[in-house]
file my_file-v5.cif (mmCIF, C-alpha atoms and all ligand atoms)
data_final
#
loop_
_atom_site.label_atom_id
_atom_site.label_comp_id
_atom_site.auth_asym_id
_atom_site.auth_seq_id
_atom_site.Cartn_x
_atom_site.Cartn_y
_atom_site.Cartn_z
CA MET A 1 -260.62 -86.28 216.54
CA GLN A 2 -257.80 -88.75 216.12
CA ASP A 3 -254.44 -87.06 215.70
CA LEU A 4 -251.08 -88.19 214.37
CA MET A 5 -248.03 -88.22 216.66
CA PRO A 6 -244.46 -88.06 215.33
CA ILE A 7 -242.12 -90.95 216.14
CA ASN A 8 -238.52 -89.81 216.73
CA GLY A 9 -239.37 -86.46 215.14
CA LYS A 10 -240.92 -87.95 211.98
CA PHE A 11 -244.48 -88.61 210.86
CA GLU A 12 -245.12 -92.04 209.37
CA MET A 13 -247.25 -92.67 206.29
CA PRO A 14 -250.91 -93.01 207.28
CA ILE A 15 -252.06 -96.56 206.51
CA LEU A 16 -254.34 -97.18 203.54
CA PRO A 17 -256.87 -99.72 204.92
CA TYR A 18 -257.97 -101.02 201.46
CA GLU A 19 -256.58 -101.42 197.92
CA ALA A 20 -259.65 -100.23 196.06
CA LEU A 21 -263.11 -98.99 196.93
CA GLY A 22 -265.29 -100.89 194.50
CA THR A 23 -266.11 -98.74 191.50
CA ILE A 24 -266.22 -95.58 193.62
CA ILE A 25 -262.45 -94.98 193.86
CA GLY A 26 -260.31 -97.23 191.69
CA LYS A 27 -257.02 -98.91 192.50
CA ASP A 28 -254.95 -96.62 190.25
CA THR A 29 -256.37 -93.48 191.85
CA LEU A 30 -255.59 -94.83 195.32
CA SER A 31 -252.12 -95.93 194.33
CA PHE A 32 -251.21 -92.46 192.99
CA HIS A 33 -253.18 -90.50 195.58
CA HIS A 34 -251.86 -92.36 198.64
CA GLY A 35 -248.56 -93.74 197.35
CA LYS A 36 -247.35 -90.65 195.46
CA HIS A 37 -249.24 -87.49 196.45
CA LEU A 38 -249.56 -88.21 200.18
CA LYS A 39 -246.06 -89.74 200.30
CA ALA A 40 -244.61 -86.48 198.93
CA TYR A 41 -246.44 -84.41 201.57
CA VAL A 42 -245.16 -86.71 204.37
CA ASP A 43 -241.58 -86.63 203.03
CA ASN A 44 -241.63 -82.83 202.61
CA LEU A 45 -243.04 -82.31 206.11
CA ASN A 46 -240.37 -84.56 207.64
CA LYS A 47 -237.65 -82.57 205.84
CA LEU A 48 -239.03 -79.26 207.16
CA LEU A 49 -239.56 -80.32 210.79
CA PRO A 50 -235.96 -80.43 212.15
CA GLY A 51 -235.07 -77.03 213.63
CA SER A 52 -238.59 -75.64 213.13
CA GLY A 53 -239.44 -75.60 216.83
CA LEU A 54 -242.48 -77.74 216.05
CA GLU A 55 -240.80 -81.14 216.39
CA ASN A 56 -242.62 -83.68 218.56
CA LEU A 57 -245.98 -81.88 218.47
CA PRO A 58 -249.15 -83.68 217.38
CA LEU A 59 -249.89 -83.04 213.70
CA SER A 60 -252.94 -80.83 214.38
CA GLU A 61 -250.70 -78.56 216.50
CA VAL A 62 -248.14 -78.35 213.69
CA VAL A 63 -250.98 -77.31 211.36
CA ARG A 64 -252.20 -74.67 213.82
CA LYS A 65 -248.74 -73.21 214.44
CA SER A 66 -247.11 -73.29 211.00
CA GLU A 67 -247.28 -71.26 207.81
CA GLY A 68 -245.98 -71.37 204.25
CA GLY A 69 -244.50 -74.66 203.03
CA MET A 70 -244.64 -76.27 206.45
CA PHE A 71 -248.36 -75.47 206.76
CA ASN A 72 -249.10 -76.71 203.24
CA ASN A 73 -247.42 -80.08 203.82
CA ALA A 74 -248.63 -80.57 207.42
CA GLY A 75 -252.17 -79.62 206.41
CA GLN A 76 -252.14 -82.02 203.48
CA VAL A 77 -250.89 -84.89 205.67
CA LEU A 78 -253.68 -84.29 208.21
CA ASN A 79 -256.32 -83.83 205.51
CA HIS A 80 -255.34 -87.02 203.67
CA ALA A 81 -254.97 -89.08 206.86
CA MET A 82 -258.58 -88.22 207.72
CA TYR A 83 -259.80 -88.69 204.13
CA PHE A 84 -258.36 -92.17 203.62
CA GLU A 85 -259.32 -93.36 207.11
CA GLN A 86 -263.04 -92.53 206.75
CA PHE A 87 -263.89 -94.89 203.85
CA SER A 88 -264.59 -98.61 203.85
CA ASN A 89 -265.73 -101.39 201.57
CA THR A 90 -268.07 -102.41 204.39
CA PRO A 91 -269.13 -98.99 205.72
CA LYS A 92 -271.18 -98.65 208.91
CA ALA A 93 -274.44 -96.70 208.70
CA MET A 94 -275.09 -93.37 210.41
CA SER A 95 -276.47 -93.66 213.94
CA PRO A 96 -279.98 -92.30 214.65
CA LYS A 97 -278.42 -89.81 217.08
CA PHE A 98 -276.08 -88.34 214.45
CA ALA A 99 -278.87 -88.33 211.85
CA ALA A 100 -281.02 -86.35 214.31
CA LEU A 101 -278.24 -83.76 214.68
CA LEU A 102 -278.06 -83.28 210.90
CA GLU A 103 -281.87 -83.18 210.63
CA ARG A 104 -282.03 -80.50 213.32
CA ASP A 105 -279.63 -78.15 211.52
CA PHE A 106 -280.02 -79.03 207.83
CA GLY A 107 -283.65 -80.18 207.68
CA SER A 108 -282.81 -83.76 206.64
CA VAL A 109 -279.81 -86.02 206.06
CA GLU A 110 -280.47 -85.74 202.31
CA ALA A 111 -280.48 -81.93 202.52
CA PHE A 112 -277.18 -82.06 204.39
CA LYS A 113 -275.65 -84.29 201.70
CA LYS A 114 -276.90 -82.01 198.91
CA GLU A 115 -275.41 -78.92 200.57
CA PHE A 116 -272.12 -80.74 201.21
CA GLU A 117 -271.93 -81.87 197.56
CA GLN A 118 -272.85 -78.41 196.32
CA LYS A 119 -270.12 -76.77 198.44
CA GLY A 120 -267.61 -79.34 197.10
CA ALA A 121 -268.70 -78.84 193.50
CA THR A 122 -268.52 -75.03 193.68
CA LEU A 123 -265.14 -74.76 195.42
CA PHE A 124 -263.05 -73.04 192.75
CA GLY A 125 -259.65 -74.67 192.23
CA SER A 126 -258.11 -77.13 194.70
CA GLY A 127 -259.31 -77.76 198.22
CA TRP A 128 -261.57 -79.68 200.54
CA VAL A 129 -265.18 -79.61 201.70
CA TRP A 130 -265.57 -80.38 205.40
CA LEU A 131 -268.20 -81.23 207.95
CA SER A 132 -267.02 -80.12 211.39
CA ALA A 133 -268.48 -79.53 214.83
CA ASP A 134 -268.16 -76.14 216.50
CA ALA A 135 -267.49 -75.65 220.22
CA GLN A 136 -271.20 -76.16 220.97
CA GLY A 137 -271.30 -79.36 218.91
CA LYS A 138 -273.24 -77.73 216.08
CA PRO A 139 -272.44 -79.26 212.67
CA VAL A 140 -271.03 -76.84 210.09
CA ILE A 141 -269.96 -77.26 206.45
CA THR A 142 -266.94 -75.28 205.23
CA GLN A 143 -265.03 -74.94 201.98
CA GLN A 144 -261.28 -74.93 202.59
CA LYS A 145 -258.75 -73.95 199.93
CA ASN A 146 -255.58 -75.91 199.13
CA ALA A 147 -254.18 -77.42 202.37
CA GLU A 148 -256.50 -75.72 204.87
CA ASN A 149 -258.07 -77.71 207.70
CA PRO A 150 -260.91 -76.57 210.01
CA VAL A 151 -258.70 -77.04 213.11
CA THR A 152 -257.24 -73.60 212.29
CA MET A 153 -260.75 -72.15 212.84
CA GLY A 154 -261.24 -73.85 216.22
CA LEU A 155 -263.55 -76.48 214.72
CA THR A 156 -263.46 -80.26 215.20
CA PRO A 157 -263.18 -81.82 211.72
CA LEU A 158 -265.42 -84.86 211.16
CA LEU A 159 -265.76 -85.64 207.43
CA THR A 160 -263.97 -84.44 204.32
CA PHE A 161 -264.14 -84.91 200.55
CA ASP A 162 -260.96 -84.04 198.65
CA VAL A 163 -261.75 -81.96 195.56
CA TRP A 164 -258.21 -81.61 194.25
CA GLU A 165 -258.30 -83.02 190.71
CA HIS A 166 -255.80 -85.75 191.67
CA ALA A 167 -258.52 -87.26 193.91
CA TYR A 168 -260.92 -88.04 191.07
CA TYR A 169 -259.49 -87.40 187.61
CA LEU A 170 -258.54 -91.00 186.72
CA ASP A 171 -262.02 -92.30 187.65
CA TYR A 172 -264.29 -89.34 186.86
CA GLN A 173 -262.20 -86.98 184.64
CA ASN A 174 -263.88 -83.56 184.89
CA ARG A 175 -267.07 -84.87 186.56
CA ARG A 176 -266.35 -83.66 190.10
CA ALA A 177 -270.05 -83.64 191.04
CA ASP A 178 -270.41 -87.34 190.12
CA TYR A 179 -267.39 -88.19 192.29
CA LEU A 180 -268.85 -86.26 195.23
CA ALA A 181 -272.27 -87.90 194.90
CA ALA A 182 -270.71 -91.39 194.73
CA LEU A 183 -268.59 -91.03 197.86
CA TRP A 184 -271.54 -91.37 200.25
CA GLN A 185 -271.62 -95.10 199.42
CA ILE A 186 -268.23 -95.69 201.08
CA VAL A 187 -268.34 -93.30 204.09
CA ASP A 188 -268.07 -95.23 207.36
CA TRP A 189 -270.21 -93.20 209.76
CA THR A 190 -268.85 -94.95 212.86
CA ILE A 191 -265.43 -93.48 212.04
CA ILE A 192 -266.94 -90.02 211.42
CA GLU A 193 -268.96 -90.07 214.64
CA ASN A 194 -265.96 -91.24 216.70
CA ARG A 195 -264.16 -88.02 215.66
CA LEU A 196 -266.66 -85.95 217.65
MN MN B 201 -255.56 -85.36 197.70
#

call {"tool": "encode", "arguments": {"input": "my_file-v5.cif", "output": "structure tokens"}}
result
Amino acid sequence: MQDLMPINGKFEMPILPYEALGTIIGKDTLSFHHGKHLKAYVDNLNKLLPGSGLENLPLSEVVRKSEGGMFNNAGQVLNHAMYFEQFSNTPKAMSPKFAALLERDFGSVEAFKKEFEQKGATLFGSGWVWLSADAQGKPVITQQKNAENPVTMGLTPLLTFDVWEHAYYLDYQNRRADYLAALWQIVDWTIIENRL
């Protein structure tokens, strides 16, 4: 996976590569979600880093080695960096090789998507649904609460849908399942597959 490296002991704001994502994620959602929520996590993390002993480590290492407030903010920076990076207004399709991997373990790409959506819809409270690869390259879906990231379980995270209410409430209100179902239209599978 791509990781974030601190520059002079600070993490920079992950870039938002678009202003809106059609009707799937609106401009206001992105402006609050990236410009306010993610900004706060980055600022908090940078305040907690000095003297922590974790300065100058890649972000995934900070997530693995921290706890409490540091873990919550580091985890949320990594989670959001991966979330915002994986979408596009001109998304690339899934490769036949990756589709075959999902078909092998989930029966079909559609069955994989349904299980992923279902795990996102049934995650109680705030968190993330993830597709990761285990050490053998087997694809696994996990529900992660709050700021958790699959790197803490030794997995390689590939794809994530944010199910915190701030990710969808302006566009979908309480309809989390509709938000999850719509996101497939903007997932850039080249980015996902390059994380393997
Ligand atoms: Mn979020």

call {"tool": "closest_residue", "arguments": {"input": "my_file-v5.cif", "among": "A:Ser31, A:Asn194, A:Asn46, A:Thr122", "to": "ligand MN 201 (chain B)", "atoms": "all atoms listed in the file"}}
result
A:Ser31

call {"tool": "closest_atom_pairs", "arguments": {"input": "my_file-v5.cif", "of": "chain A", "to": "ligand MN 201 (chain B)", "cutoff": "6 Å", "atoms": "only C-alpha atoms and all ligand atoms", "output": "CSV"}}
result
residue,atom,partner,partner_atom,distance
A:Asp162,CA,B:MN201,MN,5.6
A:Trp164,CA,B:MN201,MN,5.7
A:Ala167,CA,B:MN201,MN,5.2

call {"tool": "atom_distance", "arguments": {"input": "my_file-v5.cif", "atom1": "CA of Pro139 in chain A", "atom2": "CA of Leu101 in chain A"}}
result
7.6 Å

call {"tool": "residues_near_point", "arguments": {"input": "my_file-v5.cif", "point": "(-248.7, -85.5, 212.8)", "cutoff": "7 Å", "atoms": "all atoms listed in the file", "output": "list in words"}}
result
Asp3, Leu4, Met5, Pro6, Phe11, Pro58, Leu59, Ser60 and Leu78 of chain A

call {"tool": "atom_distance", "arguments": {"input": "my_file-v5.cif", "atom1": "CA of Val187 in chain A", "atom2": "CA of Phe87 in chain A"}}
result
4.7 Å

call {"tool": "residues_around", "arguments": {"input": "my_file-v5.cif", "residues": "range 134-138 of chain A", "least_positions_apart": "2", "cutoff": "7 Å", "atoms": "all atoms listed in the file", "output": "number ranges by chain"}}
result
A: 132, 140, 155-156

call {"tool": "residues_near_point", "arguments": {"input": "my_file-v5.cif", "point": "(-263.5, -88.7, 214.6)", "cutoff": "8 Å", "atoms": "all atoms listed in the file", "output": "VMD selection string"}}
result
chain A and resid 1 to 2 157 to 158 191 to 196

call {"tool": "write_last_selection", "arguments": {"input": "my_file-v5.cif", "atoms": "C-alpha atoms", "output": "PDB file, keeping the file's coordinate frame"}}
result
ATOM      1  CA  MET A   1    -260.620 -86.280 216.540  1.00  0.00           C
ATOM      2  CA  GLN A   2    -257.800 -88.750 216.120  1.00  0.00           C
ATOM      3  CA  PRO A 157    -263.180 -81.820 211.720  1.00  0.00           C
ATOM      4  CA  LEU A 158    -265.420 -84.860 211.160  1.00  0.00           C
ATOM      5  CA  ILE A 191    -265.430 -93.480 212.040  1.00  0.00           C
ATOM      6  CA  ILE A 192    -266.940 -90.020 211.420  1.00  0.00           C
ATOM      7  CA  GLU A 193    -268.960 -90.070 214.640  1.00  0.00           C
ATOM      8  CA  ASN A 194    -265.960 -91.240 216.700  1.00  0.00           C
ATOM      9  CA  ARG A 195    -264.160 -88.020 215.660  1.00  0.00           C
ATOM     10  CA  LEU A 196    -266.660 -85.950 217.650  1.00  0.00           C
TER      11      LEU A 196
END

call {"tool": "residues_around", "arguments": {"input": "my_file-v5.cif", "residues": "Tyr179 in chain A", "least_positions_apart": "3", "cutoff": "10 Å", "atoms": "only C-alpha atoms", "output": "list in words"}}
result
Ile24, Ile25, Glu117, Ala121, Phe161, Asp162, Val163, Ala167, Tyr168, Tyr169, Asp171, Tyr172, Gln173, Asn174, Arg175, Arg176, Ala182, Leu183 and Trp184 of chain A

call {"tool": "closest_residue", "arguments": {"input": "my_file-v5.cif", "among": "A:Gly53, A:Pro96, A:Gly69, A:Gly120", "to": "Ala177 in chain A", "atoms": "all atoms listed in the file"}}
result
A:Gly120

call {"tool": "atom_distance", "arguments": {"input": "my_file-v5.cif", "atom1": "CA of Val62 in chain A", "atom2": "CA of Glu12 in chain A"}}
result
14.7 Å

call {"tool": "closest_residue", "arguments": {"input": "my_file-v5.cif", "among": "A:Gln118, A:Gly125, A:Lys39, A:Thr190", "to": "Phe98 in chain A", "atoms": "only C-alpha atoms"}}
result
A:Thr190

call {"tool": "closest_residue", "arguments": {"input": "my_file-v5.cif", "among": "A:Phe106, A:Gly75, A:Ala99, A:Lys119", "to": "Ala181 in chain A", "atoms": "all atoms listed in the file"}}
result
A:Lys119

call {"tool": "residues_around", "arguments": {"input": "my_file-v5.cif", "residues": "Phe84 in chain A", "least_positions_apart": "4", "cutoff": "10 Å", "atoms": "only C-alpha atoms", "output": "MDAnalysis selection string"}}
result
chainID A and resid 14:18 30 33:34 79:80 88 160:162

call {"tool": "build_atoms", "arguments": {"input": "my_file-v5.cif", "residues": "range 4-15 of chain A", "atoms": "all heavy atoms", "output": "CSV table (one decimal), in the frame of the given file"}}
result
chain,number,residue,atom,x,y,z
A,4,LEU,N,-252.3,-87.4,214.7
A,4,LEU,CA,-251.1,-88.2,214.4
A,4,LEU,C,-249.9,-87.7,215.2
A,4,LEU,O,-249.8,-86.5,215.4
A,4,LEU,CB,-250.7,-88.0,212.9
A,4,LEU,CG,-251.3,-89.0,211.9
A,4,LEU,CD1,-252.8,-88.7,211.7
A,4,LEU,CD2,-250.6,-88.9,210.6
A,5,MET,N,-249.2,-88.6,215.8
A,5,MET,CA,-248.0,-88.2,216.7
A,5,MET,C,-246.8,-88.6,215.9
A,5,MET,O,-246.7,-89.7,215.3
A,5,MET,CB,-248.1,-89.0,218.0
A,5,MET,CG,-249.2,-88.6,218.9
A,5,MET,SD,-249.1,-86.8,219.4
A,5,MET,CE,-247.5,-86.8,220.2
A,6,PRO,N,-245.7,-87.7,216.0
A,6,PRO,CA,-244.5,-88.1,215.3
A,6,PRO,C,-243.7,-89.1,216.2
A,6,PRO,O,-243.9,-89.2,217.4
A,6,PRO,CB,-243.7,-86.7,215.4
A,6,PRO,CG,-244.2,-86.0,216.5
A,6,PRO,CD,-245.7,-86.4,216.7
A,7,ILE,N,-243.0,-90.0,215.5
A,7,ILE,CA,-242.1,-91.0,216.1
A,7,ILE,C,-240.7,-90.6,215.8
A,7,ILE,O,-240.3,-90.5,214.7
A,7,ILE,CB,-242.5,-92.4,215.6
A,7,ILE,CG1,-243.9,-92.7,216.0
A,7,ILE,CG2,-241.5,-93.4,216.2
A,7,ILE,CD1,-244.5,-93.9,215.3
A,8,ASN,N,-239.9,-90.3,216.9
A,8,ASN,CA,-238.5,-89.8,216.7
A,8,ASN,C,-238.5,-88.6,215.8
A,8,ASN,O,-237.6,-88.6,214.9
A,8,ASN,CB,-237.6,-90.9,216.2
A,8,ASN,CG,-237.5,-92.1,217.2
A,8,ASN,OD1,-237.6,-91.8,218.4
A,8,ASN,ND2,-237.5,-93.3,216.7
A,9,GLY,N,-239.4,-87.7,215.9
A,9,GLY,CA,-239.4,-86.5,215.1
A,9,GLY,C,-239.9,-86.6,213.7
A,9,GLY,O,-239.8,-85.6,212.9
A,10,LYS,N,-240.4,-87.8,213.4
A,10,LYS,CA,-240.9,-88.0,212.0
A,10,LYS,C,-242.3,-88.5,212.0
A,10,LYS,O,-242.7,-89.3,212.9
A,10,LYS,CB,-240.0,-89.0,211.2
A,10,LYS,CG,-238.7,-88.4,210.8
A,10,LYS,CD,-238.0,-89.3,209.8
A,10,LYS,CE,-236.6,-88.8,209.4
A,10,LYS,NZ,-236.7,-87.6,208.7
A,11,PHE,N,-243.1,-88.0,211.0
A,11,PHE,CA,-244.5,-88.6,210.9
A,11,PHE,C,-244.4,-89.8,209.9
A,11,PHE,O,-243.7,-89.8,208.9
A,11,PHE,CB,-245.4,-87.6,210.3
A,11,PHE,CG,-245.8,-86.5,211.3
A,11,PHE,CD1,-245.2,-85.3,211.4
A,11,PHE,CD2,-246.8,-86.8,212.3
A,11,PHE,CE1,-245.5,-84.4,212.4
A,11,PHE,CE2,-247.1,-85.9,213.3
A,11,PHE,CZ,-246.5,-84.7,213.3
A,12,GLU,N,-245.1,-90.9,210.2
A,12,GLU,CA,-245.1,-92.0,209.4
A,12,GLU,C,-246.3,-91.9,208.4
A,12,GLU,O,-247.2,-91.1,208.6
A,12,GLU,CB,-245.3,-93.3,210.2
A,12,GLU,CG,-244.2,-93.5,211.2
A,12,GLU,CD,-244.2,-94.9,211.8
A,12,GLU,OE1,-245.3,-95.4,212.1
A,12,GLU,OE2,-243.1,-95.4,212.1
A,13,MET,N,-246.2,-92.7,207.3
A,13,MET,CA,-247.2,-92.7,206.3
A,13,MET,C,-248.5,-93.2,206.9
A,13,MET,O,-248.5,-94.3,207.5
A,13,MET,CB,-246.9,-93.6,205.1
A,13,MET,CG,-246.1,-92.9,204.0
A,13,MET,SD,-247.1,-91.8,203.1
A,13,MET,CE,-248.1,-92.9,202.0
A,14,PRO,N,-249.6,-92.5,206.8
A,14,PRO,CA,-250.9,-93.0,207.3
A,14,PRO,C,-251.2,-94.3,206.5
A,14,PRO,O,-251.0,-94.3,205.3
A,14,PRO,CB,-251.9,-91.9,207.0
A,14,PRO,CG,-251.1,-90.6,206.9
A,14,PRO,CD,-249.8,-91.1,206.4
A,15,ILE,N,-251.8,-95.3,207.2
A,15,ILE,CA,-252.1,-96.6,206.5
A,15,ILE,C,-253.3,-96.4,205.6
A,15,ILE,O,-254.2,-95.7,205.9
A,15,ILE,CB,-252.3,-97.6,207.6
A,15,ILE,CG1,-251.0,-98.0,208.2
A,15,ILE,CG2,-253.0,-98.9,207.0
A,15,ILE,CD1,-251.2,-98.8,209.6
